[in-house]
$ cat query09.tsv   # TSV, C-alpha atoms
chain	number	residue	atom	x	y	z
A	190	MET	CA	-69.14	130.80	124.85
A	191	ALA	CA	-65.80	129.85	126.40
A	192	PRO	CA	-63.52	127.46	124.51
A	193	ARG	CA	-63.46	123.82	125.55
A	194	ALA	CA	-60.73	122.80	128.02
A	195	ALA	CA	-58.72	121.05	125.31
A	196	THR	CA	-58.93	124.12	123.06
A	197	ARG	CA	-57.87	126.36	125.95
A	198	GLU	CA	-54.78	124.24	126.54
A	199	ARG	CA	-53.91	124.36	122.85
A	200	LEU	CA	-54.33	128.13	122.80
A	201	ALA	CA	-52.03	128.35	125.82
A	202	GLY	CA	-49.32	126.48	123.92
A	203	ALA	CA	-49.80	128.65	120.83
A	204	ALA	CA	-49.59	131.83	122.93
A	205	ARG	CA	-46.34	130.69	124.52
A	206	ALA	CA	-44.92	129.88	121.09
A	207	ALA	CA	-45.99	133.28	119.75
A	208	LEU	CA	-44.71	135.33	122.68
A	209	GLY	CA	-41.77	133.30	123.88
A	210	GLY	CA	-41.31	131.17	126.98
A	211	GLY	CA	-41.66	132.23	130.58
A	212	ARG	CA	-45.31	133.22	130.33
A	213	ARG	CA	-48.41	131.37	131.45
A	214	LEU	CA	-51.91	131.77	130.06
A	215	GLU	CA	-54.00	133.52	132.70
A	216	ALA	CA	-57.33	133.96	130.92
A	217	VAL	CA	-59.16	133.40	127.63
A	218	GLU	CA	-61.82	135.97	126.74
A	219	ARG	CA	-64.14	135.68	123.77
A	220	VAL	CA	-64.16	138.87	121.71
A	221	THR	CA	-67.59	139.94	120.45
A	222	GLY	CA	-68.28	139.47	116.77
A	223	GLY	CA	-66.77	136.75	114.68
A	224	SER	CA	-69.73	134.79	113.33
A	225	LYS	CA	-67.51	132.59	111.11
A	226	LYS	CA	-64.50	132.02	113.36
A	227	GLY	CA	-63.59	132.07	117.01
A	228	VAL	CA	-61.91	135.27	118.17
A	229	TYR	CA	-60.29	135.09	121.61
A	230	ARG	CA	-58.16	137.47	123.66
A	231	LEU	CA	-55.39	135.52	125.38
A	232	VAL	CA	-54.22	137.17	128.60
A	233	MET	CA	-50.86	136.05	129.96
A	234	ASP	CA	-49.74	136.19	133.60
A	235	ASP	CA	-47.57	139.26	132.88
A	236	ALA	CA	-50.63	141.09	131.40
A	237	THR	CA	-49.36	140.65	127.83
A	238	THR	CA	-52.27	140.00	125.45
A	239	VAL	CA	-52.71	138.66	121.95
A	240	ILE	CA	-55.69	137.69	119.82
A	241	ALA	CA	-56.31	134.16	118.56
A	242	TYR	CA	-58.27	133.53	115.37
A	243	LEU	CA	-59.59	129.98	115.26
A	244	TRP	CA	-61.19	128.63	112.08
A	245	ASP	CA	-63.07	125.63	113.37
A	246	ASP	CA	-66.49	124.27	112.40
A	247	ALA	CA	-67.60	124.57	116.02
A	248	GLU	CA	-66.87	128.33	115.89
A	249	ASN	CA	-68.90	128.97	112.74
A	250	HIS	CA	-72.48	130.09	113.48
A	251	TRP	CA	-73.59	129.95	109.84
A	252	PRO	CA	-75.62	126.93	108.69
A	253	ALA	CA	-73.69	124.98	106.07
A	254	ALA	CA	-74.74	125.57	102.47
A	255	GLU	CA	-73.77	124.10	99.14
A	256	GLY	CA	-70.76	125.89	97.64
A	257	ASP	CA	-69.40	127.20	100.94
A	258	ASP	CA	-65.95	125.83	100.10
A	259	ASP	CA	-65.93	127.01	96.47
A	260	LEU	CA	-63.24	129.68	96.41
A	261	ALA	CA	-63.98	130.41	92.75
A	262	ASP	CA	-67.19	132.05	93.97
A	263	PRO	CA	-66.13	135.56	95.06
A	264	PHE	CA	-68.96	135.60	97.61
A	265	SER	CA	-68.41	132.19	99.17
A	266	PRO	CA	-67.72	132.48	102.93
A	267	GLY	CA	-64.35	133.94	103.85
A	268	LEU	CA	-63.25	130.92	105.85
A	269	GLY	CA	-59.76	129.73	106.62
A	270	LEU	CA	-56.16	130.56	107.19
A	271	ASP	CA	-55.20	130.65	103.50
A	272	LEU	CA	-57.67	133.44	102.75
A	273	PHE	CA	-56.54	135.34	105.83
A	274	GLN	CA	-52.85	135.15	104.95
A	275	ALA	CA	-53.35	136.13	101.31
A	276	ALA	CA	-55.53	139.10	102.24
A	277	HIS	CA	-53.12	140.13	105.00
A	278	ALA	CA	-50.15	140.08	102.63
A	279	ARG	CA	-51.97	142.12	99.96
A	280	LEU	CA	-53.32	144.78	102.32
A	281	ASP	CA	-50.04	145.07	104.20
A	282	ALA	CA	-48.17	145.55	100.91
A	283	LEU	CA	-50.55	148.40	100.04
A	284	GLY	CA	-49.81	150.15	103.34
A	285	VAL	CA	-53.15	149.26	104.92
A	286	ARG	CA	-52.73	148.73	108.66
A	287	VAL	CA	-53.75	145.20	109.65
A	288	PRO	CA	-52.99	143.37	112.93
A	289	ALA	CA	-49.43	142.06	112.94
A	290	ILE	CA	-49.19	138.27	112.77
A	291	ARG	CA	-47.34	136.66	115.70
A	292	LEU	CA	-47.85	133.01	114.80
A	293	VAL	CA	-49.54	130.89	112.12
A	294	ASP	CA	-50.38	127.25	112.75
A	295	ARG	CA	-51.43	125.51	109.55
A	296	ASP	CA	-49.90	122.10	110.35
A	297	GLY	CA	-51.85	121.34	113.52
A	298	ALA	CA	-48.92	121.87	115.86
A	299	HIS	CA	-51.23	123.58	118.35
A	300	CYS	CA	-54.79	123.14	117.03
A	301	PRO	CA	-56.33	120.74	114.52
A	302	ALA	CA	-58.12	123.72	112.94
A	303	GLY	CA	-56.47	126.73	111.30
A	304	LEU	CA	-55.06	129.12	113.91
A	305	ALA	CA	-53.42	132.53	113.81
A	306	ILE	CA	-52.13	134.59	116.72
A	307	VAL	CA	-52.11	138.34	116.01
A	308	GLU	CA	-51.42	141.51	117.91
A	309	ASP	CA	-54.10	142.73	120.28
A	310	LEU	CA	-55.62	146.18	119.80
A	311	PRO	CA	-57.75	146.51	122.92
A	312	GLY	CA	-59.16	149.99	122.28
A	313	GLU	CA	-62.54	150.84	120.76
A	314	ASN	CA	-63.52	150.26	117.18
A	315	LEU	CA	-64.44	152.99	114.70
A	316	GLU	CA	-68.16	152.41	115.22
A	317	ALA	CA	-67.86	153.15	118.94
A	318	LEU	CA	-65.58	156.13	118.35
A	319	LEU	CA	-67.96	157.70	115.83
A	320	ALA	CA	-70.83	157.32	118.29
A	321	ARG	CA	-68.83	158.71	121.22
A	322	ASP	CA	-66.88	161.55	119.61
A	323	PRO	CA	-67.24	162.23	115.86
A	324	ASP	CA	-64.61	164.99	116.02
A	325	ALA	CA	-62.05	162.59	117.48
A	326	ALA	CA	-62.94	160.12	114.72
A	327	ALA	CA	-62.16	162.65	111.95
A	328	PRO	CA	-58.41	161.90	111.65
A	329	VAL	CA	-59.13	158.18	111.78
A	330	MET	CA	-61.59	158.56	108.91
A	331	ALA	CA	-59.06	160.62	106.97
A	332	ARG	CA	-56.47	157.88	107.34
A	333	LEU	CA	-59.04	155.25	106.38
A	334	ALA	CA	-59.77	157.26	103.23
A	335	GLU	CA	-56.05	157.01	102.39
A	336	PHE	CA	-56.21	153.24	102.84
A	337	LEU	CA	-59.20	153.03	100.52
A	338	GLU	CA	-57.43	155.13	97.92
A	339	ALA	CA	-54.41	152.81	98.02
A	340	MET	CA	-56.72	149.80	97.63
A	341	ARG	CA	-58.61	151.43	94.77
A	342	GLY	CA	-55.33	152.21	93.04
A	343	HIS	CA	-54.14	148.60	93.03
A	344	ARG	CA	-55.79	147.00	90.03
A	345	ALA	CA	-56.06	143.39	88.96
A	346	PRO	CA	-57.01	142.02	85.51
A	347	ALA	CA	-59.42	139.48	87.04
A	348	TYR	CA	-62.04	139.58	89.77
A	349	GLY	CA	-62.30	137.22	92.71
A	350	LYS	CA	-60.86	136.47	96.10
A	351	VAL	CA	-57.35	137.82	96.63
A	352	ALA	CA	-56.09	134.32	97.46
A	353	VAL	CA	-57.48	132.97	94.17
A	354	VAL	CA	-56.41	135.76	91.81
A	355	ASP	CA	-52.95	136.25	93.30
A	356	ALA	CA	-52.34	132.52	92.81
A	357	GLY	CA	-53.29	132.78	89.14
A	358	GLY	CA	-56.78	131.34	89.52
A	359	THR	CA	-60.07	132.42	87.97
A	360	SER	CA	-63.56	132.91	89.36
A	361	HIS	CA	-66.99	131.84	88.20
A	362	GLY	CA	-68.96	134.04	85.83
A	363	THR	CA	-67.93	136.62	83.27
A	364	SER	CA	-68.33	139.92	85.12
A	365	CYS	CA	-68.75	141.42	88.58
A	366	GLU	CA	-72.23	142.61	87.77
A	367	GLY	CA	-73.17	139.14	86.54
A	368	VAL	CA	-71.88	137.51	89.71
A	369	VAL	CA	-73.76	140.08	91.80
A	370	LEU	CA	-76.99	139.51	89.86
A	371	ASP	CA	-76.76	135.74	90.32
A	372	ARG	CA	-76.13	136.14	94.03
A	373	ALA	CA	-78.93	138.69	94.42
A	374	LEU	CA	-81.41	136.34	92.77
A	375	ARG	CA	-80.37	133.58	95.20
A	376	ASP	CA	-80.74	135.99	98.12
A	377	LEU	CA	-84.14	137.03	96.81
A	378	ALA	CA	-85.29	133.41	96.68
A	379	GLU	CA	-83.98	132.77	100.21
A	380	ALA	CA	-85.57	135.89	101.65
A	381	ALA	CA	-88.87	135.16	99.89
A	382	SER	CA	-88.94	131.69	101.41
A	383	ARG	CA	-88.63	133.20	104.89
A	384	ASP	CA	-90.75	136.36	104.75
A	385	PRO	CA	-94.12	136.90	102.99
A	386	ARG	CA	-93.42	140.57	102.29
A	387	ILE	CA	-90.45	139.71	100.08
A	388	ALA	CA	-92.40	136.82	98.58
A	389	GLY	CA	-95.19	139.20	97.61
A	390	ALA	CA	-92.77	141.54	95.85
A	391	SER	CA	-90.55	138.80	94.41
A	392	ASP	CA	-91.49	139.27	90.75
A	393	ARG	CA	-91.04	143.03	90.91
A	394	LEU	CA	-87.69	142.68	92.69
A	395	GLU	CA	-86.45	140.16	90.13
A	396	GLU	CA	-87.45	142.44	87.28
A	397	ARG	CA	-85.77	145.42	88.95
A	398	LEU	CA	-82.53	143.49	89.44
A	399	SER	CA	-82.49	142.41	85.81
A	400	ASP	CA	-83.13	145.96	84.56
A	401	LEU	CA	-80.37	147.40	86.75
A	402	ALA	CA	-77.88	144.74	85.65
A	403	ALA	CA	-78.67	145.32	81.97
A	404	ALA	CA	-77.72	149.00	82.33
A	405	VAL	CA	-74.17	148.25	83.57
A	406	ARG	CA	-71.42	148.62	80.98
A	407	PRO	CA	-68.49	146.15	80.80
A	408	ARG	CA	-65.30	146.71	82.79
A	409	ALA	CA	-61.94	144.92	82.55
A	410	GLU	CA	-60.02	146.10	85.64
A	411	TYR	CA	-60.81	145.55	89.28
A	412	ALA	CA	-59.77	147.23	92.53
A	413	THR	CA	-58.85	145.73	95.87
A	414	VAL	CA	-61.83	145.74	98.24
A	415	HIS	CA	-62.40	144.46	101.76
A	416	GLY	CA	-65.95	143.39	100.94
A	417	GLU	CA	-67.59	144.10	104.31
A	418	LEU	CA	-65.81	147.20	105.56
A	419	GLY	CA	-68.20	148.33	108.24
A	420	PRO	CA	-67.01	150.52	111.16
A	421	ASP	CA	-67.03	147.43	113.39
A	422	HIS	CA	-64.31	145.97	111.16
A	423	VAL	CA	-62.01	148.93	111.81
A	424	LEU	CA	-60.17	149.09	115.13
A	425	VAL	CA	-58.31	152.17	116.36
A	426	ASP	CA	-54.78	151.69	117.67
A	427	ALA	CA	-53.06	153.65	120.44
A	428	GLY	CA	-51.78	156.18	117.89
A	429	GLY	CA	-55.25	156.87	116.53
A	430	ASN	CA	-54.71	154.88	113.33
A	431	PRO	CA	-57.36	152.66	111.77
A	432	VAL	CA	-56.61	148.93	111.75
A	433	VAL	CA	-58.64	146.78	109.36
A	434	ILE	CA	-59.82	143.36	110.60
A	435	ASP	CA	-62.01	140.46	109.39
A	436	ILE	CA	-60.14	140.54	106.11
A	437	GLU	CA	-60.64	136.99	104.83
A	438	GLY	CA	-63.27	138.10	102.32
A	439	ALA	CA	-60.94	140.59	100.58
A	440	MET	CA	-61.17	140.41	96.81
A	441	TYR	CA	-60.53	142.17	93.55
A	442	PHE	CA	-63.87	143.57	92.48
A	443	ASP	CA	-65.73	146.70	91.45
A	444	VAL	CA	-64.86	149.47	93.88
A	445	GLU	CA	-68.54	150.45	93.88
A	446	TRP	CA	-69.28	147.28	95.88
A	447	GLU	CA	-67.11	148.60	98.73
A	448	HIS	CA	-68.61	152.06	98.66
A	449	VAL	CA	-72.20	150.83	98.69
A	450	PHE	CA	-71.42	148.81	101.81
A	451	LEU	CA	-69.69	151.80	103.43
A	452	ARG	CA	-72.68	154.03	102.67
A	453	ILE	CA	-75.10	151.53	104.15
A	454	ARG	CA	-73.09	151.09	107.33
A	455	LEU	CA	-71.88	154.66	107.92
A	456	HIS	CA	-74.84	156.79	106.76
A	457	ASP	CA	-73.88	160.49	107.08
A	458	ALA	CA	-70.46	159.59	108.49
A	459	TYR	CA	-69.55	158.16	105.06
A	460	ARG	CA	-68.87	161.61	103.56
A	461	PRO	CA	-65.09	161.75	104.27
A	462	LEU	CA	-64.69	158.46	102.40
A	463	GLY	CA	-66.59	159.47	99.27
A	464	VAL	CA	-64.78	159.57	95.92
A	465	ASP	CA	-65.56	160.93	92.47
A	466	GLY	CA	-66.02	158.82	89.39
A	467	LEU	CA	-68.06	155.92	90.75
A	468	ASP	CA	-70.38	154.25	88.24
A	469	GLU	CA	-73.96	155.19	89.08
A	470	ASP	CA	-75.41	152.14	87.32
A	471	ARG	CA	-73.24	149.81	89.39
A	472	LEU	CA	-74.10	151.71	92.55
A	473	ALA	CA	-77.82	151.24	91.89
A	474	LEU	CA	-77.52	147.49	91.20
A	475	TYR	CA	-75.19	146.88	94.12
A	476	THR	CA	-77.36	148.83	96.54
A	477	LEU	CA	-80.38	146.64	95.88
A	478	ALA	CA	-78.21	143.50	95.87
A	479	GLN	CA	-76.64	144.34	99.22
A	480	ARG	CA	-79.98	145.17	100.82
A	481	LEU	CA	-81.22	141.74	99.73
A	482	SER	CA	-78.03	140.11	101.04
A	483	LEU	CA	-78.42	141.90	104.38
A	484	THR	CA	-81.96	140.56	104.56
A	485	ALA	CA	-81.37	136.96	103.46
A	486	GLY	CA	-78.06	136.50	105.31
A	487	PRO	CA	-79.32	137.38	108.80
A	488	LEU	CA	-82.49	135.35	108.26
A	489	ARG	CA	-80.33	132.36	107.29
A	490	LEU	CA	-78.06	132.94	110.28
A	491	LEU	CA	-81.09	132.74	112.55
A	492	ASP	CA	-81.61	129.17	111.31
A	493	GLY	CA	-78.44	128.27	113.22
A	494	HIS	CA	-77.19	128.87	116.74
A	495	PHE	CA	-76.17	132.54	116.54
A	496	PRO	CA	-76.39	133.85	120.12
A	497	ASP	CA	-77.58	137.48	119.71
A	498	ARG	CA	-80.80	136.68	117.91
A	499	ALA	CA	-82.63	139.95	118.55
A	500	PHE	CA	-79.75	141.96	117.10
A	501	MET	CA	-79.62	139.82	113.96
A	502	ALA	CA	-83.40	139.90	113.53
A	503	GLY	CA	-83.24	143.70	113.70
A	504	ILE	CA	-80.67	143.81	110.90
A	505	ALA	CA	-82.89	141.61	108.73
A	506	GLU	CA	-85.99	143.69	109.39
A	507	HIS	CA	-84.30	147.02	108.68
A	508	ASN	CA	-82.81	145.83	105.41
A	509	LEU	CA	-86.02	144.13	104.33
A	510	ARG	CA	-87.82	147.45	104.60
A	511	GLN	CA	-85.00	149.24	102.76
A	512	THR	CA	-85.18	146.61	100.00
A	513	LEU	CA	-88.86	147.22	99.40
A	514	GLU	CA	-88.34	151.00	99.36
A	515	LEU	CA	-85.92	150.58	96.42
A	516	LEU	CA	-88.74	149.36	94.19
A	517	PRO	CA	-90.11	151.96	91.74
A	518	ALA	CA	-93.39	153.47	92.87

$ encode --input "query09.tsv" --output "structure tokens"
Amino acid sequence: MAPRAATRERLAGAARAALGGGRRLEAVERVTGGSKKGVYRLVMDDATTVIAYLWDDAENHWPAAEGDDDLADPFSPGLGLDLFQAAHARLDALGVRVPAIRLVDRDGAHCPAGLAIVEDLPGENLEALLARDPDAAAPVMARLAEFLEAMRGHRAPAYGKVAVVDAGGTSHGTSCEGVVLDRALRDLAEAASRDPRIAGASDRLEERLSDLAAAVRPRAEYATVHGELGPDHVLVDAGGNPVVIDIEGAMYFDVEWEHVFLRIRLHDAYRPLGVDGLDEDRLALYTLAQRLSLTAGPLRLLDGHFPDRAFMAGIAEHNLRQTLELLPA
């Protein structure tokens, strides 16, 4: 979907402001991905390129839900310029490579919605590199492991979105595992309302979630996590370094949450990122919770106008089956 003519003109002005005068916008190309915001490559007449992030309701494919704007919920949608800037500042300070910011428009100088212009990294992402040449991906994975270690080493006394905690705010609930359990039960109810297989196993899944949560021991320190660090959220720059994107959901949370997601997305390729000392009880609870989330979320997304419907339906189906396999025999 190309941006509207008015949006294109605004992006042209923002690109000129970010890159300096003397350039004219030649083309606007939508970058694949970005279900919550518009992501566009802006190509200037001298072949210079940048990426525009546009947080606008028209760019968000997710159906609106109650609590979407509640930042005290660690799992509310990562929407908006404030979350992006806070996450960018935290990750950059930890030495995690993120796209350099060229311009931020929070006052509507160029667009009525939140807008950021960042550096363009036009090469392949880690997912494509792993599929094409796992050996070439090895140094990228090693560097990504260093990033994860730096993030794990930065602790916070409270859990929640980076933007909330770094500003001195607090989040709902009393523990990460409690927040995860509450969310998993909501995801279970949503998935059950959309698929009879989950509905038929709903009582057993609820009981299993409660048992797993009851086994988790309290914790009072939290690591920095991306939240959805799949290989499609890691670009590779010209020097072969990983660059982390889609960072608005970054939070202080149990590090096990990050590693469960990495295991789900990377399968056998996860091994270079593995670490010792993870809590097995948390891993078990978070694995079931994330499988439910990856079932309910795509099914909910299909209620809206997401364009690649077959792809999203496939994600839901795969994770639904994985969810049911996690039930005790």

$ atom_distance --input "query09.tsv" --atom1 "CA of Thr484 in chain A" --atom2 "CA of Leu243 in chain A"
27.0 Å

$ residues_around --input "query09.tsv" --residues "Arg454 in chain A" --least-positions-apart "4" --cutoff "8 Å" --atoms "only C-alpha atoms" --output "PyMOL selection string"
chain A and resi 419-420+450

$ closest_residue --input "query09.tsv" --among "A:His361, A:Arg372, A:Arg498, A:Arg212" --to "Tyr348 in chain A" --atoms "only C-alpha atoms"
A:His361

$ atom_distance --input "query09.tsv" --atom1 "CA of Glu437 in chain A" --atom2 "CA of Leu272 in chain A"
5.1 Å

$ closest_residue --input "query09.tsv" --among "A:His448, A:Lys350, A:Arg480, A:Arg471" --to "Leu260 in chain A" --atoms "only C-alpha atoms"
A:Lys350

$ atom_distance --input "query09.tsv" --atom1 "CA of Glu308 in chain A" --atom2 "CA of Leu424 in chain A"
11.9 Å

$ axis_aligned_box --input "query09.tsv" --around "range 392-400 of chain A" --padding-each-side "4 Å" --output "lines of an AutoDock Vina configuration file"
center_x = -87.0
center_y = 142.6
center_z = 88.6
size_x = 17.0
size_y = 14.7
size_z = 16.1

$ residues_around --input "query09.tsv" --residues "range 280-285 of chain A" --least-positions-apart "4" --cutoff "8 Å" --atoms "all atoms listed in the file" --output "list in words"
Ala276, Phe336, Ala339, Met340, His343, Val432 and Val433 of chain A

$ write_last_selection --input "query09.tsv" --atoms "C-alpha atoms" --output "PDB file, in the coordinates of the input"
ATOM      1  CA  ALA A 276     -55.530 139.100 102.240  1.00  0.00           C
ATOM      2  CA  PHE A 336     -56.210 153.240 102.840  1.00  0.00           C
ATOM      3  CA  ALA A 339     -54.410 152.810  98.020  1.00  0.00           C
ATOM      4  CA  MET A 340     -56.720 149.800  97.630  1.00  0.00           C
ATOM      5  CA  HIS A 343     -54.140 148.600  93.030  1.00  0.00           C
ATOM      6  CA  VAL A 432     -56.610 148.930 111.750  1.00  0.00           C
ATOM      7  CA  VAL A 433     -58.640 146.780 109.360  1.00  0.00           C
TER       8      VAL A 433
END

$ residues_around --input "query09.tsv" --residues "range 456-469 of chain A" --least-positions-apart "5" --cutoff "9 Å" --atoms "all atoms listed in the file" --output "PyMOL selection string"
chain A and resi 319+323+327+330-331+333-335+337-338+405+444-445+448+451+474

$ closest_residue --input "query09.tsv" --among "A:Ala427, A:Ala502, A:Pro328, A:Gly210" --to "Ala485 in chain A" --atoms "all atoms listed in the file"
A:Ala502

$ closest_residue --input "query09.tsv" --among "A:Ala305, A:Ala278, A:Leu231, A:Ala373" --to "Asp245 in chain A" --atoms "only C-alpha atoms"
A:Ala305

$ closest_atom_pairs --input "query09.tsv" --of "range 193-272 of chain A" --to "range 294-301 of chain A" --cutoff "10 Å" --atoms "only C-alpha atoms" --output "CSV"
residue,atom,partner,partner_atom,distance
A:Ala195,CA,A:Cys300,CA,9.4
A:Thr196,CA,A:Cys300,CA,7.4
A:Arg197,CA,A:Cys300,CA,10.0
A:Glu198,CA,A:His299,CA,9.0
A:Arg199,CA,A:His299,CA,5.3
A:Leu200,CA,A:His299,CA,7.1
A:Ala201,CA,A:His299,CA,8.9
A:Gly202,CA,A:His299,CA,6.6
A:Ala203,CA,A:His299,CA,5.8
A:Ala204,CA,A:His299,CA,9.6
A:Ala206,CA,A:His299,CA,9.3
A:Leu243,CA,A:Cys300,CA,8.5
A:Trp244,CA,A:Pro301,CA,9.6
A:Asp245,CA,A:Pro301,CA,8.4
A:Gly269,CA,A:Arg295,CA,9.8
A:Leu270,CA,A:Arg295,CA,7.3
A:Asp271,CA,A:Arg295,CA,8.8

$ write_last_selection --input "query09.tsv" --atoms "C-alpha atoms" --output "PDB file, in the frame of the given file"
ATOM      1  CA  ALA A 195     -58.720 121.050 125.310  1.00  0.00           C
ATOM      2  CA  THR A 196     -58.930 124.120 123.060  1.00  0.00           C
ATOM      3  CA  ARG A 197     -57.870 126.360 125.950  1.00  0.00           C
ATOM      4  CA  GLU A 198     -54.780 124.240 126.540  1.00  0.00           C
ATOM      5  CA  ARG A 199     -53.910 124.360 122.850  1.00  0.00           C
ATOM      6  CA  LEU A 200     -54.330 128.130 122.800  1.00  0.00           C
ATOM      7  CA  ALA A 201     -52.030 128.350 125.820  1.00  0.00           C
ATOM      8  CA  GLY A 202     -49.320 126.480 123.920  1.00  0.00           C
ATOM      9  CA  ALA A 203     -49.800 128.650 120.830  1.00  0.00           C
ATOM     10  CA  ALA A 204     -49.590 131.830 122.930  1.00  0.00           C
ATOM     11  CA  ALA A 206     -44.920 129.880 121.090  1.00  0.00           C
ATOM     12  CA  LEU A 243     -59.590 129.980 115.260  1.00  0.00           C
ATOM     13  CA  TRP A 244     -61.190 128.630 112.080  1.00  0.00           C
ATOM     14  CA  ASP A 245     -63.070 125.630 113.370  1.00  0.00           C
ATOM     15  CA  GLY A 269     -59.760 129.730 106.620  1.00  0.00           C
ATOM     16  CA  LEU A 270     -56.160 130.560 107.190  1.00  0.00           C
ATOM     17  CA  ASP A 271     -55.200 130.650 103.500  1.00  0.00           C
TER      18      ASP A 271
END

$ residues_around --input "query09.tsv" --residues "range 504-516 of chain A" --least-positions-apart "4" --cutoff "8 Å" --atoms "all atoms listed in the file" --output "PDB file with C-alpha atoms, keeping the file's coordinate frame"
ATOM      1  CA  ILE A 387     -90.450 139.710 100.080  1.00  0.00           C
ATOM      2  CA  ALA A 390     -92.770 141.540  95.850  1.00  0.00           C
ATOM      3  CA  ARG A 393     -91.040 143.030  90.910  1.00  0.00           C
ATOM      4  CA  LEU A 394     -87.690 142.680  92.690  1.00  0.00           C
ATOM      5  CA  ARG A 397     -85.770 145.420  88.950  1.00  0.00           C
ATOM      6  CA  LEU A 477     -80.380 146.640  95.880  1.00  0.00           C
ATOM      7  CA  ARG A 480     -79.980 145.170 100.820  1.00  0.00           C
ATOM      8  CA  LEU A 481     -81.220 141.740  99.730  1.00  0.00           C
ATOM      9  CA  LEU A 483     -78.420 141.900 104.380  1.00  0.00           C
ATOM     10  CA  THR A 484     -81.960 140.560 104.560  1.00  0.00           C
ATOM     11  CA  ALA A 485     -81.370 136.960 103.460  1.00  0.00           C
ATOM     12  CA  GLY A 486     -78.060 136.500 105.310  1.00  0.00           C
ATOM     13  CA  PRO A 487     -79.320 137.380 108.800  1.00  0.00           C
ATOM     14  CA  LEU A 488     -82.490 135.350 108.260  1.00  0.00           C
ATOM     15  CA  PHE A 500     -79.750 141.960 117.100  1.00  0.00           C
TER      16      PHE A 500
END

$ residues_around --input "query09.tsv" --residues "Pro266 in chain A" --least-positions-apart "3" --cutoff "8 Å" --atoms "only C-alpha atoms" --output "mmCIF file with C-alpha atoms, keeping the file's coordinate frame"
data_model
loop_
_atom_site.group_PDB
_atom_site.id
_atom_site.type_symbol
_atom_site.label_atom_id
_atom_site.label_comp_id
_atom_site.auth_asym_id
_atom_site.auth_seq_id
_atom_site.Cartn_x
_atom_site.Cartn_y
_atom_site.Cartn_z
ATOM 1 C CA ASP A 257 -69.400 127.200 100.940
ATOM 2 C CA ASP A 258 -65.950 125.830 100.100
ATOM 3 C CA GLY A 438 -63.270 138.100 102.320
#

$ decode --input "query09.tsv" --residues "range 428-438 of chain A" --atoms "N, CA, C and O atoms" --output "short mmCIF file (atom, residue, chain, number, x, y, z; two decimals), in the first residue's frame"
data_model
loop_
_atom_site.label_atom_id
_atom_site.label_comp_id
_atom_site.auth_asym_id
_atom_site.auth_seq_id
_atom_site.Cartn_x
_atom_site.Cartn_y
_atom_site.Cartn_z
N GLY A 428 28.99 -3.94 7.37
CA GLY A 428 30.14 -4.53 8.05
C GLY A 428 29.87 -5.88 8.66
O GLY A 428 30.73 -6.43 9.34
N GLY A 429 28.66 -6.43 8.42
CA GLY A 429 28.31 -7.73 8.97
C GLY A 429 27.87 -7.69 10.42
O GLY A 429 27.86 -8.73 11.09
N ASN A 430 27.46 -6.52 10.89
CA ASN A 430 27.01 -6.38 12.28
C ASN A 430 25.48 -6.45 12.36
O ASN A 430 24.79 -5.94 11.49
N PRO A 431 24.96 -7.07 13.41
CA PRO A 431 23.51 -7.07 13.59
C PRO A 431 23.01 -5.69 14.00
O PRO A 431 23.69 -4.97 14.74
N VAL A 432 21.84 -5.34 13.50
CA VAL A 432 21.20 -4.07 13.83
C VAL A 432 19.77 -4.39 14.25
O VAL A 432 19.00 -4.94 13.47
N VAL A 433 19.41 -4.05 15.48
CA VAL A 433 18.12 -4.43 16.05
C VAL A 433 17.08 -3.37 15.68
O VAL A 433 17.29 -2.18 15.86
N ILE A 434 15.93 -3.83 15.19
CA ILE A 434 14.84 -2.92 14.80
C ILE A 434 13.54 -3.33 15.49
O ILE A 434 13.51 -4.31 16.23
N ASP A 435 12.47 -2.57 15.21
CA ASP A 435 11.16 -2.79 15.84
C ASP A 435 11.30 -2.88 17.35
O ASP A 435 10.90 -3.85 17.99
N ILE A 436 11.84 -1.81 17.91
CA ILE A 436 12.28 -1.82 19.31
C ILE A 436 11.27 -1.20 20.28
O ILE A 436 11.52 -1.19 21.49
N GLU A 437 10.12 -0.74 19.79
CA GLU A 437 9.21 0.00 20.66
C GLU A 437 8.71 -0.81 21.85
O GLU A 437 8.34 -0.25 22.87
N GLY A 438 8.67 -2.13 21.71
CA GLY A 438 8.19 -2.98 22.79
C GLY A 438 9.24 -3.33 23.83
O GLY A 438 8.97 -4.13 24.73
#
